[in-house]
Amino acid sequence: MFSIGELSRRTGVKVPTIRYYEEMGLIAAAGRTSGNQRRYGRDELEQLGFIRHARDLGFPLGAISSLIELQRHPDRTCQEASDIAQAQLDDVRHKIARLRALETELGRIVDGCSGRGTPQDCYVLASLSDHDMCKTEHGADH
């Protein structure tokens, strides 16, 4: 049995986050000692490791909840898990594309500035002030 502090140390998940996951039903409610301290078992340790890994991969809590629910039904196929993972991959690819566009725009801004002028003729400041160009260049809504 693990205290909440020990569970936190072993998984790297902060104590308030463990409590939150417990409230959300992502991990089972802890048993309590006679002193009302939470006690967790090996199953909760493994479940918390699963959640941590999924969070590290960027999965939202709703998707993690669906994956946990799927684990509880071994008679179902893993198509739902595959669909959830595909949606996460699509989201990551979209974010990468946006970051690449931002990288290009920032490179253009930096390359356009000599660093030797005054703030009045600074290309960086002028570029950041031109919100219409910002929307056109990388689709940002500001």
# chains A, B, ... in the order shown; residues from 1 in each chain; ligands from 1
call {"tool": "select_by_dssp", "arguments": {"residues": "chain A", "states": "helix (DSSP H, G or I)", "output": "PyMOL selection string"}}
result
chain A and resi 4-11+15-24+42-56+61-71+79-111+119-121+123-129+131-138
call {"tool": "residues_around", "arguments": {"residues": "stretch 61-65 of chain A", "least_positions_apart": "5", "cutoff": "7 Å", "atoms": "only C-alpha atoms", "output": "JSON, numbers by chain"}}
result
{"A": [26, 51, 54, 84]}
call {"tool": "select_by_dssp", "arguments": {"residues": "chain A", "states": "strand (DSSP E or B)", "output": "short mmCIF file (atom, residue, chain, number, x, y, z; two decimals) with N, CA and C atoms, in the first residue's frame"}}
result
data_model
loop_
_atom_site.label_atom_id
_atom_site.label_comp_id
_atom_site.auth_asym_id
_atom_site.auth_seq_id
_atom_site.Cartn_x
_atom_site.Cartn_y
_atom_site.Cartn_z
N PHE A 2 0.41 2.25 -0.70
CA PHE A 2 1.17 3.49 -0.84
C PHE A 2 0.38 4.67 -0.30
N GLY A 31 -8.45 3.69 -0.49
CA GLY A 31 -8.88 3.22 0.81
C GLY A 31 -8.36 4.19 1.86
N ARG A 32 -8.90 4.11 3.03
CA ARG A 32 -8.49 5.03 4.10
C ARG A 32 -8.02 4.24 5.31
N ARG A 38 -5.18 8.47 2.90
CA ARG A 38 -5.40 7.69 1.69
C ARG A 38 -4.34 6.60 1.56
N ARG A 39 -4.75 5.43 1.07
CA ARG A 39 -3.84 4.33 0.78
C ARG A 39 -4.20 3.75 -0.58
N TYR A 40 -3.18 3.63 -1.42
CA TYR A 40 -3.36 3.14 -2.78
C TYR A 40 -2.60 1.84 -2.96
#
call {"tool": "closest_residue", "arguments": {"among": "A:Ser114, A:Thr77, A:Gln88, A:Gln120", "to": "A:Arg55", "atoms": "only C-alpha atoms"}}
result
A:Gln88
call {"tool": "closest_residue", "arguments": {"among": "A:Ile4, A:Cys122, A:Ile68, A:Ile27", "to": "A:Asp43", "atoms": "only C-alpha atoms"}}
result
A:Ile27
call {"tool": "closest_residue", "arguments": {"among": "A:Ser3, A:Ser34, A:Gln79, A:Ser127", "to": "A:Asp111", "atoms": "only C-alpha atoms"}}
result
A:Ser127
call {"tool": "decode", "arguments": {"residues": "stretch 13-106 of chain A", "atoms": "C-alpha atoms", "output": "CSV table (one decimal), in the first residue's frame"}}
result
chain,number,residue,atom,x,y,z
A,13,VAL,CA,2.4,13.1,-10.5
A,14,LYS,CA,1.7,15.9,-8.0
A,15,VAL,CA,-0.5,15.2,-5.0
A,16,PRO,CA,-3.3,17.6,-6.0
A,17,THR,CA,-3.3,16.1,-9.4
A,18,ILE,CA,-3.7,12.6,-7.9
A,19,ARG,CA,-6.7,13.8,-5.9
A,20,TYR,CA,-8.2,15.4,-9.0
A,21,TYR,CA,-7.8,12.2,-11.0
A,22,GLU,CA,-9.4,10.3,-8.1
A,23,GLU,CA,-12.4,12.8,-8.1
A,24,MET,CA,-12.8,12.4,-11.8
A,25,GLY,CA,-12.8,8.6,-11.5
A,26,LEU,CA,-9.6,8.1,-13.5
A,27,ILE,CA,-8.2,6.2,-10.6
A,28,ALA,CA,-10.1,4.3,-8.0
A,29,ALA,CA,-11.0,6.0,-4.8
A,30,ALA,CA,-8.3,5.3,-2.2
A,31,GLY,CA,-8.9,3.2,0.8
A,32,ARG,CA,-8.5,5.0,4.1
A,33,THR,CA,-6.6,4.2,7.2
A,34,SER,CA,-8.1,4.6,10.7
A,35,GLY,CA,-6.4,8.0,10.7
A,36,ASN,CA,-8.3,8.8,7.4
A,37,GLN,CA,-5.1,8.8,5.3
A,38,ARG,CA,-5.4,7.7,1.7
A,39,ARG,CA,-3.8,4.3,0.8
A,40,TYR,CA,-3.4,3.1,-2.8
A,41,GLY,CA,-2.5,-0.3,-4.2
A,42,ARG,CA,-0.4,-1.5,-7.1
A,43,ASP,CA,-3.4,-1.2,-9.4
A,44,GLU,CA,-3.7,2.6,-8.7
A,45,LEU,CA,0.1,2.9,-9.2
A,46,GLU,CA,-0.1,1.3,-12.6
A,47,GLN,CA,-3.2,3.2,-13.6
A,48,LEU,CA,-1.5,6.5,-12.6
A,49,GLY,CA,1.5,5.5,-14.7
A,50,PHE,CA,-0.8,4.9,-17.7
A,51,ILE,CA,-2.4,8.3,-17.2
A,52,ARG,CA,0.9,10.0,-16.8
A,53,HIS,CA,2.3,8.5,-20.0
A,54,ALA,CA,-0.9,9.4,-21.9
A,55,ARG,CA,-0.7,13.0,-20.6
A,56,ASP,CA,2.9,13.1,-21.7
A,57,LEU,CA,1.8,12.2,-25.2
A,58,GLY,CA,-0.7,15.1,-25.0
A,59,PHE,CA,-3.9,13.1,-24.7
A,60,PRO,CA,-6.8,15.1,-23.2
A,61,LEU,CA,-8.4,13.8,-20.0
A,62,GLY,CA,-11.6,12.9,-21.8
A,63,ALA,CA,-9.7,10.7,-24.2
A,64,ILE,CA,-7.8,9.1,-21.3
A,65,SER,CA,-11.1,8.4,-19.6
A,66,SER,CA,-12.4,6.7,-22.7
A,67,LEU,CA,-9.2,4.6,-22.9
A,68,ILE,CA,-9.5,3.6,-19.3
A,69,GLU,CA,-13.1,2.7,-19.9
A,70,LEU,CA,-12.1,0.5,-22.8
A,71,GLN,CA,-9.5,-1.3,-20.6
A,72,ARG,CA,-12.4,-2.3,-18.4
A,73,HIS,CA,-14.2,-4.1,-21.3
A,74,PRO,CA,-11.8,-6.8,-22.7
A,75,ASP,CA,-14.7,-8.1,-24.9
A,76,ARG,CA,-14.6,-5.0,-27.1
A,77,THR,CA,-12.2,-4.3,-30.0
A,78,CYS,CA,-9.4,-1.8,-29.8
A,79,GLN,CA,-10.8,0.2,-32.7
A,80,GLU,CA,-11.9,2.9,-30.3
A,81,ALA,CA,-8.4,3.2,-28.9
A,82,SER,CA,-7.0,3.3,-32.4
A,83,ASP,CA,-9.4,6.1,-33.3
A,84,ILE,CA,-8.5,8.1,-30.1
A,85,ALA,CA,-4.8,7.7,-30.9
A,86,GLN,CA,-5.4,8.7,-34.5
A,87,ALA,CA,-7.2,11.9,-33.4
A,88,GLN,CA,-4.3,12.7,-31.0
A,89,LEU,CA,-1.8,12.2,-33.9
A,90,ASP,CA,-3.8,14.4,-36.2
A,91,ASP,CA,-3.9,17.1,-33.5
A,92,VAL,CA,-0.1,16.9,-33.0
A,93,ARG,CA,0.5,17.1,-36.7
A,94,HIS,CA,-1.8,20.2,-36.9
A,95,LYS,CA,0.2,21.8,-34.1
A,96,ILE,CA,3.5,21.0,-35.8
A,97,ALA,CA,2.3,22.6,-39.0
A,98,ARG,CA,1.3,25.7,-37.1
A,99,LEU,CA,4.6,25.8,-35.3
A,100,ARG,CA,6.4,25.5,-38.7
A,101,ALA,CA,4.4,28.4,-40.0
A,102,LEU,CA,5.3,30.4,-36.9
A,103,GLU,CA,9.0,29.4,-37.3
A,104,THR,CA,8.9,30.7,-40.9
A,105,GLU,CA,7.3,33.9,-39.9
A,106,LEU,CA,9.7,34.5,-37.0
